[in-house]
Structures are given as C-alpha cells and as structure tokens.
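Peer 1: Got a file for you: target.cif, mmCIF, C-alpha atoms and all ligand atoms.
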```
data_protein
#
loop_
_atom_site.label_atom_id
_atom_site.label_comp_id
_atom_site.auth_asym_id
_atom_site.auth_seq_id
_atom_site.Cartn_x
_atom_site.Cartn_y
_atom_site.Cartn_z
CA MET I 37 1.56 -13.62 8.06
CA ALA I 38 2.53 -13.33 11.67
CA ARG I 39 4.96 -10.50 11.17
CA GLU I 40 3.73 -7.15 9.97
CA ARG I 41 4.78 -6.84 6.39
CA ILE I 42 6.71 -3.63 6.56
CA ILE I 43 6.38 -2.79 2.91
CA SER I 44 2.75 -3.77 2.71
CA SER I 45 0.73 -0.92 1.39
CA GLU I 46 -2.26 -2.24 3.25
CA SER I 47 -3.16 -0.69 6.53
CA GLY I 48 -1.14 -1.95 9.49
CA GLY I 49 -3.86 -1.82 12.13
CA PRO I 50 -5.30 0.78 14.52
CA ALA I 51 -2.00 2.15 15.87
CA GLU I 52 -0.77 2.81 12.39
CA GLU I 53 -4.11 4.24 11.31
CA GLU I 54 -3.98 6.73 14.18
CA PHE I 55 -0.48 7.71 13.14
CA ASN I 56 -1.59 8.02 9.52
CA VAL I 57 -4.58 10.15 10.38
CA SER I 58 -2.28 12.60 12.15
CA LEU I 59 -0.19 12.85 8.97
CA ARG I 60 -3.11 13.08 6.62
CA PRO I 61 -3.46 16.28 4.58
CA GLN I 62 -6.62 18.25 5.43
CA THR I 63 -6.92 20.44 2.35
CA LEU I 64 -6.41 19.91 -1.36
CA ARG I 65 -3.42 22.28 -1.26
CA GLU I 66 -1.62 20.01 1.21
CA VAL I 67 -2.08 16.93 -1.00
CA VAL I 68 1.23 16.18 -2.68
CA GLY I 69 1.45 14.95 -6.29
CA GLN I 70 -1.31 13.35 -8.42
CA GLY I 71 -1.38 16.54 -10.51
CA GLY I 72 -4.01 15.53 -13.09
CA VAL I 73 -6.37 14.12 -10.49
CA ILE I 74 -6.08 17.22 -8.30
CA ASP I 75 -6.70 19.54 -11.27
CA ARG I 76 -9.86 17.70 -12.20
CA LEU I 77 -11.06 17.74 -8.62
CA GLU I 78 -10.40 21.45 -8.22
CA ILE I 79 -12.39 22.25 -11.34
CA ALA I 80 -15.27 19.98 -10.33
CA MET I 81 -15.39 21.46 -6.83
CA ALA I 82 -15.21 25.05 -8.04
CA ALA I 83 -17.99 24.40 -10.57
CA GLY I 84 -20.14 22.76 -7.91
CA ARG I 85 -19.65 25.71 -5.58
CA LYS I 86 -20.54 28.16 -8.32
CA ARG I 87 -23.78 26.36 -9.07
CA ASN I 88 -24.33 25.75 -5.37
CA GLU I 89 -24.64 22.04 -6.05
CA PRO I 90 -23.01 19.05 -4.39
CA LEU I 91 -20.24 17.33 -6.31
CA GLU I 92 -21.07 14.50 -8.64
CA HIS I 93 -20.22 11.02 -7.37
CA ILE I 94 -16.53 10.18 -7.54
CA LEU I 95 -14.78 6.85 -8.04
CA LEU I 96 -11.19 6.75 -6.76
CA SER I 97 -9.12 3.81 -7.92
CA GLY I 98 -5.54 2.69 -7.45
CA PRO I 99 -3.35 0.38 -5.39
CA PRO I 100 -3.51 0.49 -1.56
CA GLY I 101 -1.72 3.31 0.27
CA LEU I 102 -1.78 5.92 -2.51
CA GLY I 103 -4.25 8.28 -0.85
CA LYS I 104 -7.82 7.26 -1.73
CA THR I 105 -9.14 7.56 1.84
CA THR I 106 -7.09 10.72 2.34
CA LEU I 107 -8.64 12.33 -0.74
CA ALA I 108 -12.17 11.37 0.31
CA PHE I 109 -11.65 13.17 3.64
CA VAL I 110 -10.05 16.17 1.93
CA ILE I 111 -12.93 16.47 -0.55
CA ALA I 112 -15.54 16.30 2.22
CA ASN I 113 -13.63 18.88 4.22
CA GLU I 114 -13.33 21.22 1.25
CA MET I 115 -16.95 20.86 0.18
CA ASN I 116 -18.93 21.39 3.38
CA GLY I 117 -16.45 21.02 6.21
CA ARG I 118 -18.15 17.93 7.57
CA PRO I 119 -16.27 14.62 7.81
CA PRO I 120 -17.53 11.92 5.43
CA ARG I 121 -19.73 9.07 6.59
CA VAL I 122 -17.54 6.03 6.17
CA THR I 123 -18.40 2.46 5.33
CA SER I 124 -17.02 -0.30 3.14
CA GLY I 125 -18.20 -2.88 0.62
CA PRO I 126 -17.67 -6.05 2.64
CA THR I 127 -19.40 -4.67 5.77
CA LEU I 128 -22.63 -3.96 3.88
CA ALA I 129 -24.41 -7.30 3.65
CA LYS I 130 -27.93 -6.04 2.90
CA PRO I 131 -29.75 -2.81 1.99
CA ALA I 132 -30.84 -2.31 5.60
CA ASP I 133 -27.17 -1.83 6.54
CA LEU I 134 -27.08 1.27 4.34
CA MET I 135 -30.51 2.67 5.18
CA SER I 136 -29.69 4.74 8.25
CA LEU I 137 -26.46 6.01 6.70
CA LEU I 138 -28.31 7.22 3.63
CA THR I 139 -31.33 8.72 5.36
CA ASN I 140 -29.11 10.62 7.82
CA LEU I 141 -27.09 12.35 5.12
CA GLU I 142 -27.40 16.13 4.96
CA THR I 143 -27.29 18.02 1.68
CA GLY I 144 -23.72 18.04 0.35
CA ASP I 145 -22.47 15.34 2.73
CA VAL I 146 -20.00 12.77 1.49
CA LEU I 147 -20.70 9.08 1.85
CA PHE I 148 -17.42 7.19 1.50
CA ILE I 149 -17.64 3.53 0.51
CA ASP I 150 -14.24 1.88 0.67
CA GLU I 151 -13.59 -1.32 -1.33
CA CYS I 152 -16.69 -0.68 -3.38
CA HIS I 153 -15.82 -3.56 -5.73
CA ARG I 154 -16.77 -5.83 -2.85
CA LEU I 155 -20.34 -4.58 -2.43
CA PRO I 156 -22.84 -7.43 -2.59
CA LYS I 157 -24.98 -7.29 -5.74
CA ILE I 158 -28.16 -6.66 -3.78
CA VAL I 159 -26.65 -3.61 -2.04
CA GLU I 160 -25.19 -2.35 -5.29
CA GLU I 161 -28.60 -2.43 -6.96
CA PHE I 162 -30.17 -0.74 -3.96
CA LEU I 163 -27.63 2.07 -4.41
CA TYR I 164 -28.41 2.79 -8.06
CA PRO I 165 -31.54 4.93 -7.49
CA ALA I 166 -29.83 6.55 -4.49
CA MET I 167 -26.98 7.65 -6.72
CA GLU I 168 -29.10 8.59 -9.69
CA ASP I 169 -32.28 10.11 -8.28
CA PHE I 170 -31.49 10.49 -4.56
CA ARG I 171 -34.19 8.09 -3.48
CA VAL I 172 -34.34 4.48 -2.30
CA ASP I 173 -36.95 1.79 -2.43
CA PHE I 174 -36.81 0.03 0.89
CA THR I 175 -38.71 -3.17 1.61
CA ILE I 176 -40.11 -3.29 5.10
CA GLU I 177 -40.44 -6.90 6.18
CA GLY I 178 -43.67 -8.06 7.82
CA GLY I 179 -46.89 -9.79 6.89
CA LEU I 180 -46.94 -12.16 3.98
CA SER I 181 -45.14 -9.90 1.60
CA GLY I 182 -42.86 -6.99 2.34
CA ARG I 183 -44.10 -3.44 1.87
CA VAL I 184 -42.00 -1.25 -0.39
CA VAL I 185 -41.53 2.30 0.85
CA ASN I 186 -39.93 5.00 -1.23
CA PHE I 187 -37.62 7.34 0.69
CA ALA I 188 -36.34 10.64 -0.65
CA LEU I 189 -32.71 11.40 0.20
CA ARG I 190 -30.86 14.70 0.36
CA ARG I 191 -28.40 15.42 -2.43
CA PHE I 192 -25.15 13.81 -1.30
CA THR I 193 -21.87 12.84 -2.95
CA LEU I 194 -20.86 9.22 -3.00
CA ILE I 195 -17.12 8.63 -3.07
CA GLY I 196 -16.24 5.05 -3.86
CA ALA I 197 -12.70 3.73 -3.45
CA THR I 198 -11.39 0.59 -5.08
CA THR I 199 -8.08 -1.15 -5.62
CA ARG I 200 -9.62 -2.99 -8.57
CA SER I 201 -11.86 -0.82 -10.70
CA GLY I 202 -11.90 -3.62 -13.30
CA LEU I 203 -14.05 -5.69 -10.95
CA LEU I 204 -16.75 -3.02 -10.77
CA SER I 205 -19.89 -3.65 -12.81
CA ALA I 206 -20.41 -1.35 -15.78
CA ALA I 207 -23.74 -0.25 -14.30
CA MET I 208 -22.06 0.89 -11.08
CA ARG I 209 -19.23 2.58 -12.89
CA ASP I 210 -21.60 4.55 -15.13
CA ARG I 211 -23.22 6.14 -12.10
CA PHE I 212 -20.05 7.94 -11.06
CA GLY I 213 -19.61 11.39 -12.57
CA HIS I 214 -15.83 11.33 -12.14
CA GLU I 215 -13.44 8.42 -12.30
CA LEU I 216 -10.04 9.31 -10.89
CA HIS I 217 -7.13 6.90 -10.96
CA LEU I 218 -4.22 7.39 -8.54
CA GLU I 219 -0.73 6.54 -9.77
CA PHE I 220 2.40 5.53 -7.89
CA TYR I 221 4.40 8.57 -6.67
CA GLY I 222 7.85 9.59 -7.83
CA THR I 223 10.80 10.09 -5.49
CA ASP I 224 10.38 13.89 -5.38
CA ASP I 225 6.75 13.75 -4.28
CA LEU I 226 7.49 11.05 -1.72
CA THR I 227 10.40 13.12 -0.39
CA THR I 228 8.07 16.11 0.04
CA ILE I 229 5.57 13.90 1.90
CA LEU I 230 8.37 12.59 4.12
CA GLU I 231 9.64 16.12 4.84
CA ARG I 232 6.21 17.09 6.13
CA SER I 233 5.86 13.88 8.13
CA ALA I 234 9.35 14.30 9.63
CA ALA I 235 8.55 17.90 10.58
CA ARG I 236 5.31 16.86 12.22
CA LEU I 237 7.06 14.03 14.09
CA LYS I 238 9.95 16.37 15.00
CA VAL I 239 12.48 14.01 13.40
CA GLU I 240 15.72 15.66 12.33
CA SER I 241 17.33 14.57 9.06
CA ARG I 242 20.42 15.47 7.04
CA GLY I 243 21.43 15.36 3.41
CA ASP I 244 19.63 12.83 1.26
CA ALA I 245 18.29 10.77 4.17
CA LEU I 246 14.63 11.37 3.34
CA ALA I 247 15.15 10.94 -0.41
CA THR I 248 16.77 7.59 0.37
CA ILE I 249 13.66 6.49 2.27
CA ALA I 250 11.53 7.77 -0.63
CA ASP I 251 13.53 5.68 -3.09
CA ARG I 252 12.79 2.57 -1.09
CA SER I 253 9.06 3.19 -0.56
CA ARG I 254 7.59 1.42 -3.62
CA GLY I 255 6.04 4.67 -4.87
CA THR I 256 3.58 4.55 -1.96
CA PRO I 257 3.04 7.29 0.69
CA ARG I 258 1.76 4.83 3.28
CA VAL I 259 4.93 2.79 2.90
CA ALA I 260 7.08 5.94 3.05
CA ASN I 261 5.50 7.00 6.35
CA ARG I 262 5.87 3.49 7.73
CA LEU I 263 9.54 3.29 6.80
CA LEU I 264 10.08 6.71 8.38
CA ARG I 265 8.76 5.31 11.68
CA ARG I 266 11.06 2.29 11.48
CA VAL I 267 14.05 4.45 10.63
CA ARG I 268 13.21 6.83 13.47
CA ASP I 269 13.17 3.88 15.92
CA TYR I 270 16.54 2.72 14.65
CA ALA I 271 18.03 6.22 14.82
CA GLN I 272 16.88 6.65 18.40
CA VAL I 273 18.22 3.31 19.54
CA ARG I 274 21.40 2.89 17.49
CA ALA I 275 22.35 6.45 16.53
CA ASP I 276 21.82 9.91 18.02
CA GLY I 277 18.27 10.22 16.71
CA VAL I 278 19.27 12.15 13.59
CA LEU I 279 18.53 10.56 10.21
CA THR I 280 21.45 10.39 7.81
CA THR I 281 21.73 8.41 4.59
CA GLU I 282 23.87 5.88 6.41
CA VAL I 283 21.41 5.47 9.27
CA VAL I 284 18.54 5.06 6.77
CA ASN I 285 20.40 2.43 4.78
CA HIS I 286 21.29 0.44 7.89
CA ALA I 287 17.77 0.62 9.25
CA LEU I 288 16.19 -0.50 5.99
CA ASP I 289 18.72 -3.30 5.49
CA ILE I 290 17.75 -4.66 8.88
CA GLN I 291 14.12 -4.57 7.75
CA GLN I 292 15.23 -6.55 4.65
CA ILE I 293 14.06 -3.90 2.28
CA ASP I 294 16.29 -3.89 -0.75
CA SER I 295 17.64 -1.03 -2.83
CA LEU I 296 14.42 -0.87 -4.92
CA GLY I 297 12.18 -1.06 -1.89
CA LEU I 298 11.20 -4.67 -2.48
CA ASP I 299 10.62 -6.76 0.64
CA GLY I 300 10.57 -10.49 1.36
CA LEU I 301 7.13 -11.05 -0.14
CA ASP I 302 8.02 -9.26 -3.39
CA ARG I 303 11.20 -11.30 -3.68
CA ALA I 304 9.37 -14.54 -2.82
CA TYR I 305 6.88 -13.80 -5.60
CA LEU I 306 9.63 -13.13 -8.12
CA SER I 307 11.75 -16.09 -7.15
CA THR I 308 8.72 -18.43 -7.26
CA LEU I 309 7.90 -17.16 -10.73
CA ILE I 310 11.50 -17.39 -11.90
CA LYS I 311 12.59 -20.64 -10.22
CA THR I 312 9.46 -22.77 -9.85
CA TYR I 313 7.80 -21.61 -13.08
CA SER I 314 10.96 -20.96 -15.14
CA GLY I 315 10.08 -17.28 -15.40
CA GLY I 316 6.49 -17.95 -16.46
CA PRO I 317 4.02 -17.62 -17.91
CA ALA I 318 2.29 -18.71 -14.71
CA GLY I 319 -1.26 -18.09 -13.51
CA VAL I 320 -1.75 -16.00 -10.38
CA GLU I 321 -3.72 -18.84 -8.75
CA ALA I 322 -0.79 -21.20 -9.19
CA LEU I 323 1.64 -18.63 -7.84
CA ALA I 324 -0.58 -17.94 -4.84
CA ALA I 325 -0.95 -21.65 -4.09
CA THR I 326 2.78 -22.30 -4.36
CA MET I 327 3.56 -19.36 -2.08
CA GLY I 328 0.76 -20.11 0.41
CA GLN I 329 -0.62 -16.59 -0.12
CA GLU I 330 -4.03 -15.20 -0.98
CA ARG I 331 -4.50 -14.45 -4.63
CA ASP I 332 -5.98 -11.05 -3.68
CA THR I 333 -2.83 -10.13 -1.75
CA LEU I 334 -0.70 -10.84 -4.78
CA GLU I 335 -3.01 -8.95 -7.14
CA ASP I 336 -3.67 -5.94 -4.88
CA VAL I 337 -0.41 -5.46 -3.05
CA VAL I 338 2.46 -7.26 -4.75
CA GLU I 339 1.85 -7.17 -8.49
CA PRO I 340 0.93 -3.54 -9.20
CA TYR I 341 4.35 -2.24 -8.23
CA LEU I 342 6.25 -5.06 -9.93
CA LEU I 343 4.28 -4.31 -13.10
CA GLN I 344 4.99 -0.61 -12.69
CA ILE I 345 8.76 -1.10 -12.53
CA GLY I 346 8.68 -3.59 -15.40
CA PHE I 347 9.73 -6.65 -13.40
CA VAL I 348 6.60 -8.57 -14.36
CA ILE I 349 4.40 -8.47 -17.43
CA ARG I 350 0.96 -9.97 -17.86
CA THR I 351 0.34 -12.03 -20.95
CA ARG I 352 -2.65 -14.06 -22.03
CA GLN I 353 -0.94 -17.14 -20.65
CA GLY I 354 -0.11 -15.63 -17.27
CA ARG I 355 2.59 -13.66 -15.47
CA GLN I 356 6.10 -13.50 -16.83
CA ALA I 357 9.25 -12.26 -15.14
CA THR I 358 11.43 -9.90 -17.16
CA ARG I 359 15.19 -9.84 -17.58
CA GLU I 360 15.38 -6.87 -15.17
CA ALA I 361 13.71 -8.92 -12.45
CA CYS I 362 16.14 -11.81 -12.94
CA ASP I 363 19.09 -9.43 -12.90
CA HIS I 364 17.88 -7.79 -9.69
CA LEU I 365 17.63 -11.17 -7.96
CA GLY I 366 20.85 -12.45 -9.51
CA LEU I 367 19.04 -15.32 -11.24
CA PRO I 368 19.47 -16.48 -14.86
CA PHE I 369 16.90 -15.20 -17.36
CA THR I 370 15.03 -17.66 -19.61
CA PRO I 371 13.80 -15.87 -22.75
CA HIS I 372 10.17 -16.44 -23.80
CA ASP I 373 9.02 -16.80 -27.40
CA GLU I 374 5.69 -15.04 -27.41
CA THR I 375 4.80 -12.08 -25.30
CA ALA I 376 1.22 -11.31 -26.17
CA ARG I 377 0.62 -8.55 -23.69
CA GLU I 378 -2.79 -8.13 -22.23
CA SER I 379 -2.19 -4.72 -20.79
CA ASP I 380 -5.27 -3.24 -22.40
CA ASP I 381 -7.63 -5.60 -20.64
CA PRO I 382 -9.34 -3.45 -17.97
CA LYS I 383 -10.11 -6.51 -15.81
CA LEU I 384 -6.45 -6.74 -14.97
CA PHE I 385 -6.51 -3.50 -12.95
N1 LIG T 1 -0.99 12.79 -1.77
C1 LIG T 1 -0.61 12.63 -0.48
N2 LIG T 1 0.04 13.61 0.15
C2 LIG T 1 0.44 13.44 1.42
N3 LIG T 1 0.26 12.31 2.14
C3 LIG T 1 -0.38 11.29 1.55
C4 LIG T 1 -0.86 11.39 0.21
N4 LIG T 1 -1.46 10.24 -0.12
C5 LIG T 1 -1.36 9.44 0.96
N5 LIG T 1 -0.71 10.06 1.98
C6 LIG T 1 -0.36 9.47 3.29
O1 LIG T 1 -0.40 8.04 3.14
C7 LIG T 1 -1.31 7.48 4.08
C8 LIG T 1 -2.12 6.39 3.39
O2 LIG T 1 -3.04 6.96 2.48
P1 LIG T 1 -4.55 6.43 2.37
O3 LIG T 1 -5.39 7.57 1.96
O4 LIG T 1 -4.95 5.73 3.61
O5 LIG T 1 -4.41 5.38 1.16
P2 LIG T 1 -5.50 4.43 0.49
O6 LIG T 1 -6.84 4.80 1.05
O7 LIG T 1 -5.39 4.70 -0.99
O8 LIG T 1 -5.11 3.02 0.82
C9 LIG T 1 -2.16 8.63 4.58
O9 LIG T 1 -2.48 8.49 5.95
C10 LIG T 1 -1.31 9.86 4.39
O10 LIG T 1 -0.53 10.10 5.55
MG MG T 2 -8.03 3.53 2.23
#
```
Taking this structure as input, can you express it in the form of structure tokens?
Ligand SMILES: Nc1ncnc2c1ncn2[C@@H]1O[C@H](COP(=O)(O)OP(=O)(O)O)[C@@H](O)[C@H]1O
Ligand SMILES: [Mg+2]

Peer 2:
Amino acid sequence: MARERIISSESGGPAEEEFNVSLRPQTLREVVGQGGVIDRLEIAMAAGRKRNEPLEHILLSGPPGLGKTTLAFVIANEMNGRPPRVTSGPTLAKPADLMSLLTNLETGDVLFIDECHRLPKIVEEFLYPAMEDFRVDFTIEGGLSGRVVNFALRRFTLIGATTRSGLLSAAMRDRFGHELHLEFYGTDDLTTILERSAARLKVESRGDALATIADRSRGTPRVANRLLRRVRDYAQVRADGVLTTEVVNHALDIQQIDSLGLDGLDRAYLSTLIKTYSGGPAGVEALAATMGQERDTLEDVVEPYLLQIGFVIRTRQGRQATREACDHLGLPFTPHDETARESDDPKLF
C-alpha cells in the first residue's frame, strides 16, 4: 500500500521506530497491563537471580504492536543491564549468520530473535544444541568435506518473538522454558499508556480525550501511540494544540478510523467477506486474492482483532462474518447453518 496504514499494528518505519523507542518502558514496573505475563516473568526473574542463573529461554507470542520487542528489552535490562542482541528469523539464512552473535554472548545476555516462526529449518536445527546445552556444532567449509567444530557458548537467554506461535515446530517450542502470550489491551490500560506518552511528548489533554483515542486503538499500544501523534498534529494545526474529545474525534474521522477503531483495510476485509462471499465461509487465500492483499497481512494484522471483537469467526470451511460485523457496516446479515468452530486448533494462532 502506498499510504501508511494508520491503524496497522506493524511497524511504520524508522521514524516511527525512533519515536516508539523513546516511549518504550525500561523496567518491568513501567510496563502497563498483561498482568499474568508480568507475574510469571517477575517470578522467573527473581528465581533466576536467587540461584544466580540466567533466565530460561522465553517465547513471546501475540499480534504485532502488543509489546513483544518492548518486553525483550525490559527483560534484558532487568536481568543484567545490557541491551539484547537483536536479530530476526528472515535475516538468518544459514548457521554462519548466527555464529558471531552466539559466540559473542556474555553470560546472562539476551539474544532476541524476532519473527522466530520464519527461521529457516537449517538455522532452527543449528539452534537446538545452543538452546539446550549452550554449544554449537559448526561446519567449517574447506577441503573435500567440511570440518565440524564444537563451540562452547556462555549461558545466555534466548527470547523469541512470534505473531504466529502455531507455525513454530514442536521441537523449537519445547526448547523454551516459558511461553508467554500477549493479549489485546483494554481501554484503561491503553489510556494509562497514552497518559505516559502524552506526558513525555508534552501534549496537553482534557477530559476523556485520551480514553477516546484508547477506544479507537484496536487494543494495541503501537496503534494508540500512532493515533496520538496524528491527533497531536491535528490539534496543532486546526485547534490550539490541546486535545479534547471533540478534537480527537475530528482528527480520527479525518483518518477514516471508525468508532471501533477499524480502518479502511479492516472494513474492506469485512465488506469483501460479507458482499463478495455472502458472509462466508470463505478461505483466507480467496479473501486475500480478491482484496489484492498478502495472506500474511490479513492473518497477522487484520484478523486477530476482528476475531477478538467477535466480528469474524473461523470455521472448518473458512472465515465467517457475524451479525455484529454486518450491523456495524450497515449490511444485511445472511445466517449460516453450521458453525463448526475451529477455535481450538493451535495452527490458527
Ligand atoms: N505494556 C506496554 N506498556 C507501555 N507501552 C507499551 C506496552 N507494550 C507496547 N508499548 C508501546 O507500543 C510500542 C510497540 O510495542 P512493540 O514492543 O514494538 O510491539 P511488538 O514487538 O509486539 O510488535 C512500543 O514502542 C511501546 O511504546
Ligand atoms: Mg516487535
């Protein structure tokens, strides 16, 4: 898409990343929400400290923009005060790409692998002994056959992040000591996040202005912070710089974000499903092709929130739009006979 998708929970490029980094919590205490996940992390970290051992490997899963990268940095900061070494699944083509990262890790360092469901098989298998026994078997090319050298590594903590833990192999998954799933945030938590961001950006707000932004942020902190920036621009240009509920509503209407926080792509998905496929069931491939979108975009960015708010359900036959979705778009609802839900299939998430 040519235009930045304002609601997209995916990163919006370097400028936005810089802005996000400045708003990122540094300590576990500053992390808002995700109560259960934070409790488990606190216990694991305290236990590790007591035994003077690095944390076990951690898998963080959940839709984009909910705080996986943030948490990885917070954990590293809390554990030994050193920033994590950062890499990601798709950038690691072969074991050699990981070698210097691994061998340079100090005891207790965090290695953060983003999008770890996209690690090539060969790299994944190379990682197993690193995760399990803190050693790697590295093949040095040369001569007729390669020479295998065994390297000992220092005890480190691998933090893997994924938007699709269902795509991870069972073998990989088993090697993580903790599996933590991040959920969408409620309005109160998002309002707290926005209050801190507004304070840091020195943006003044009145009444329910920030709660109104929170309500229209699709449960996602990254989206909330992005909307805050857009609203701040609008307030500076069209108002006196102060955010009020009215200013927020105007600014977000101009951005074509509706009362539930859905944007053009969300509505295009729903109207394709409802109009072209009579409400479904329709396969995600078919929807993606009709919309001219990547299947991954729909599955990672669009569908999780629509599932969360009950606008879409997944059945064995495909996606179905619910009555609530039709009502929201002002379109007639076609009832379906069978709704064999597949919500307990882990592959779906
Ligand atoms: N729990 C949280 N508390 C405060 N801010 C958060 C929280 N989670 C995310 N954020 C904000 O949202 C932005 C996006 O989070 P990020 O960690 O990059 O998401 P992910 O890696 O899951 O895509 C961060 O830069 C941070 O400003
Ligand atoms: Mg991230």

Peer 1: Show me, as a ChimeraX atom specification, the residues that have an atom within 10 Å of Thr326 (chain I) when counting only C-alpha atoms, minus same-chain residues fewer than 2 positions from it.

Peer 2: /I:305,308-309,312,320-324,328-329

Peer 1: Pull C-alpha atoms from the residues just selected and write them as a PDB file, keeping the file's coordinate frame.

Peer 2:
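Written output follows (result36.pdb):
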```pdb
ATOM      1  CA  TYR I 305       6.880 -13.800  -5.600  1.00  0.00           C
ATOM      2  CA  THR I 308       8.720 -18.430  -7.260  1.00  0.00           C
ATOM      3  CA  LEU I 309       7.900 -17.160 -10.730  1.00  0.00           C
ATOM      4  CA  THR I 312       9.460 -22.770  -9.850  1.00  0.00           C
ATOM      5  CA  VAL I 320      -1.750 -16.000 -10.380  1.00  0.00           C
ATOM      6  CA  GLU I 321      -3.720 -18.840  -8.750  1.00  0.00           C
ATOM      7  CA  ALA I 322      -0.790 -21.200  -9.190  1.00  0.00           C
ATOM      8  CA  LEU I 323       1.640 -18.630  -7.840  1.00  0.00           C
ATOM      9  CA  ALA I 324      -0.580 -17.940  -4.840  1.00  0.00           C
ATOM     10  CA  GLY I 328       0.760 -20.110   0.410  1.00  0.00           C
ATOM     11  CA  GLN I 329      -0.620 -16.590  -0.120  1.00  0.00           C
TER      12      GLN I 329
END
```

Peer 1: Kindly provide, as a VMD selection string, all nucleotide and amino acid residues lying within 10 Å of ligand MG 2 (chain T), counting only C-alpha atoms and all ligand atoms.

Peer 2: chain I and resid 45 to 47 53 99 to 108 124 149 to 151 197 to 199 258

Peer 1: Please report the interatomic distance between CA of Thr256 (chain I) and CA of Gly71 (chain I) in Å with one decimal.

Peer 2: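 Between these atoms lies a distance of 15.5 Å.
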
Peer 1: Select, from I:Val273, I:Leu128, I:Leu367, I:Ile229, the residue with the minimum atom-to-atom distance to ligand LIG 1 (chain T), counting all atoms listed in the file.

Peer 2: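 Under the stated criterion, the closest residue is I:Ile229.
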
Peer 1: Using only C-alpha atoms, can you list as an MDAnalysis selection string the residues within 8 Å of (-24.0, 5.7, -10.8)?

Peer 2: chainID I and resid 93 164 167:168 207:213

Peer 1: Using only C-alpha atoms, find the one residue out of I:Gly196, I:Gly69, I:Pro61, I:Gly277 that sits nearest to Gly255 (chain I).

Peer 2: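 Nearest candidate to Gly255 (chain I) out of I:Gly196, I:Gly69, I:Pro61, I:Gly277: I:Gly69.
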
Peer 1: Between I:His217, I:Arg242, I:Arg191, I:Arg118, single out the one closest to ligand LIG 1 (chain T), counting all atoms listed in the file.

Peer 2: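 Among the listed residues, I:His217 lies closest to ligand LIG 1 (chain T).
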
Peer 1: Find the residues around region 339-343 of chain I up to 9 Å (all atoms listed in the file counted), leave out those fewer than 4 positions away in its own chain, and share them as a list in words.

Peer 2: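 My reading of the contact set: Pro99, Phe220, Arg254, Gly255, Leu298, Asp302, Tyr305, Leu306, Thr333, Leu334, Glu335, Phe347, Val348, Ile349, Arg350, Ala361 and Phe385 of chain I.
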
Peer 1: For Asp224 (chain I), find every residue with an atom within 10 Å (counting only C-alpha atoms), except residues of its own chain fewer than 5 positions away, and show them as an MDAnalysis selection string.

Peer 2: chainID I and resid 68:69 229:230 247 250:251

Peer 1: By how many Å are CA of Leu301 (chain I) and CA of Gly319 (chain I) apart?

Peer 2: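 Computing it gives 17.3 Å between the two atoms.
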
Peer 1: With a distance cut-off of 12 Å and all atoms listed in the file, select the neighbouring residues of Glu240 (chain I), excluding the residue or stretch itself and same-chain residues fewer than 5 positions from it, and output the selection as number ranges by chain.

Peer 2: I: 230-235, 245-246, 264, 267-268, 271-272, 276-280

Peer 1: Restrict the selected residues to C-alpha atoms and save them as a PDB file, in the frame of the given file.

Peer 2:
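Output (part.pdb):
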```pdb
ATOM      1  CA  LEU I 230       8.370  12.590   4.120  1.00  0.00           C
ATOM      2  CA  GLU I 231       9.640  16.120   4.840  1.00  0.00           C
ATOM      3  CA  ARG I 232       6.210  17.090   6.130  1.00  0.00           C
ATOM      4  CA  SER I 233       5.860  13.880   8.130  1.00  0.00           C
ATOM      5  CA  ALA I 234       9.350  14.300   9.630  1.00  0.00           C
ATOM      6  CA  ALA I 235       8.550  17.900  10.580  1.00  0.00           C
ATOM      7  CA  ALA I 245      18.290  10.770   4.170  1.00  0.00           C
ATOM      8  CA  LEU I 246      14.630  11.370   3.340  1.00  0.00           C
ATOM      9  CA  LEU I 264      10.080   6.710   8.380  1.00  0.00           C
ATOM     10  CA  VAL I 267      14.050   4.450  10.630  1.00  0.00           C
ATOM     11  CA  ARG I 268      13.210   6.830  13.470  1.00  0.00           C
ATOM     12  CA  ALA I 271      18.030   6.220  14.820  1.00  0.00           C
ATOM     13  CA  GLN I 272      16.880   6.650  18.400  1.00  0.00           C
ATOM     14  CA  ASP I 276      21.820   9.910  18.020  1.00  0.00           C
ATOM     15  CA  GLY I 277      18.270  10.220  16.710  1.00  0.00           C
ATOM     16  CA  VAL I 278      19.270  12.150  13.590  1.00  0.00           C
ATOM     17  CA  LEU I 279      18.530  10.560  10.210  1.00  0.00           C
ATOM     18  CA  THR I 280      21.450  10.390   7.810  1.00  0.00           C
TER      19      THR I 280
END
```

Peer 1: Taking only C-alpha atoms and all ligand atoms into account, which of I:Thr248, I:Asn261, I:Thr127, I:Thr143 comes nearest ligand LIG 1 (chain T)?

Peer 2: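 Answer, going by the shortest atom-to-atom distance: I:Asn261.
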
Peer 1: Padding 6 Å on every side, please: axis-aligned box over the listed atoms of ligand LIG 1 (chain T), centre and edge lengths to one decimal in Å, as AutoDock Vina command-line options.

Peer 2:
```
--center_x -3.2 --center_y 8.3 --center_z 2.1 --size_x 19.3 --size_y 22.6 --size_z 19.7
```

Peer 1: Between CA of Lys157 (chain I) and CA of Ala129 (chain I), measure the distance and give it in Å to one decimal.

Peer 2: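 These atoms are spaced 9.4 Å apart.
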
Peer 1: How would region 360-371 of chain I look with N, CA and C atoms restored, written as a short mmCIF file (atom, residue, chain, number, x, y, z; two decimals), in the frame of the given file?

Peer 2:
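The file below, rebuild.cif, is the result:
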```
data_model
loop_
_atom_site.label_atom_id
_atom_site.label_comp_id
_atom_site.auth_asym_id
_atom_site.auth_seq_id
_atom_site.Cartn_x
_atom_site.Cartn_y
_atom_site.Cartn_z
N GLU I 360 15.01 -7.78 -16.27
CA GLU I 360 15.38 -6.87 -15.17
C GLU I 360 15.13 -7.53 -13.81
N ALA I 361 14.02 -8.26 -13.71
CA ALA I 361 13.71 -8.92 -12.45
C ALA I 361 14.77 -9.97 -12.13
N CYS I 362 15.13 -10.77 -13.14
CA CYS I 362 16.14 -11.81 -12.94
C CYS I 362 17.47 -11.18 -12.53
N ASP I 363 17.84 -10.11 -13.22
CA ASP I 363 19.09 -9.43 -12.90
C ASP I 363 19.08 -8.94 -11.46
N HIS I 364 17.96 -8.34 -11.05
CA HIS I 364 17.88 -7.79 -9.69
C HIS I 364 18.06 -8.89 -8.65
N LEU I 365 17.50 -10.07 -8.92
CA LEU I 365 17.63 -11.17 -7.96
C LEU I 365 18.88 -12.01 -8.18
N GLY I 366 19.64 -11.68 -9.22
CA GLY I 366 20.85 -12.45 -9.51
C GLY I 366 20.54 -13.86 -9.98
N LEU I 367 19.43 -14.00 -10.72
CA LEU I 367 19.04 -15.32 -11.24
C LEU I 367 19.12 -15.30 -12.76
N PRO I 368 19.40 -16.47 -13.39
CA PRO I 368 19.47 -16.48 -14.86
C PRO I 368 18.11 -16.23 -15.50
N PHE I 369 18.13 -15.55 -16.65
CA PHE I 369 16.90 -15.20 -17.36
C PHE I 369 16.64 -16.22 -18.46
N THR I 370 15.42 -16.76 -18.52
CA THR I 370 15.03 -17.66 -19.61
C THR I 370 14.16 -16.88 -20.59
N PRO I 371 14.62 -16.66 -21.82
CA PRO I 371 13.80 -15.87 -22.75
C PRO I 371 12.51 -16.62 -23.12
#
```
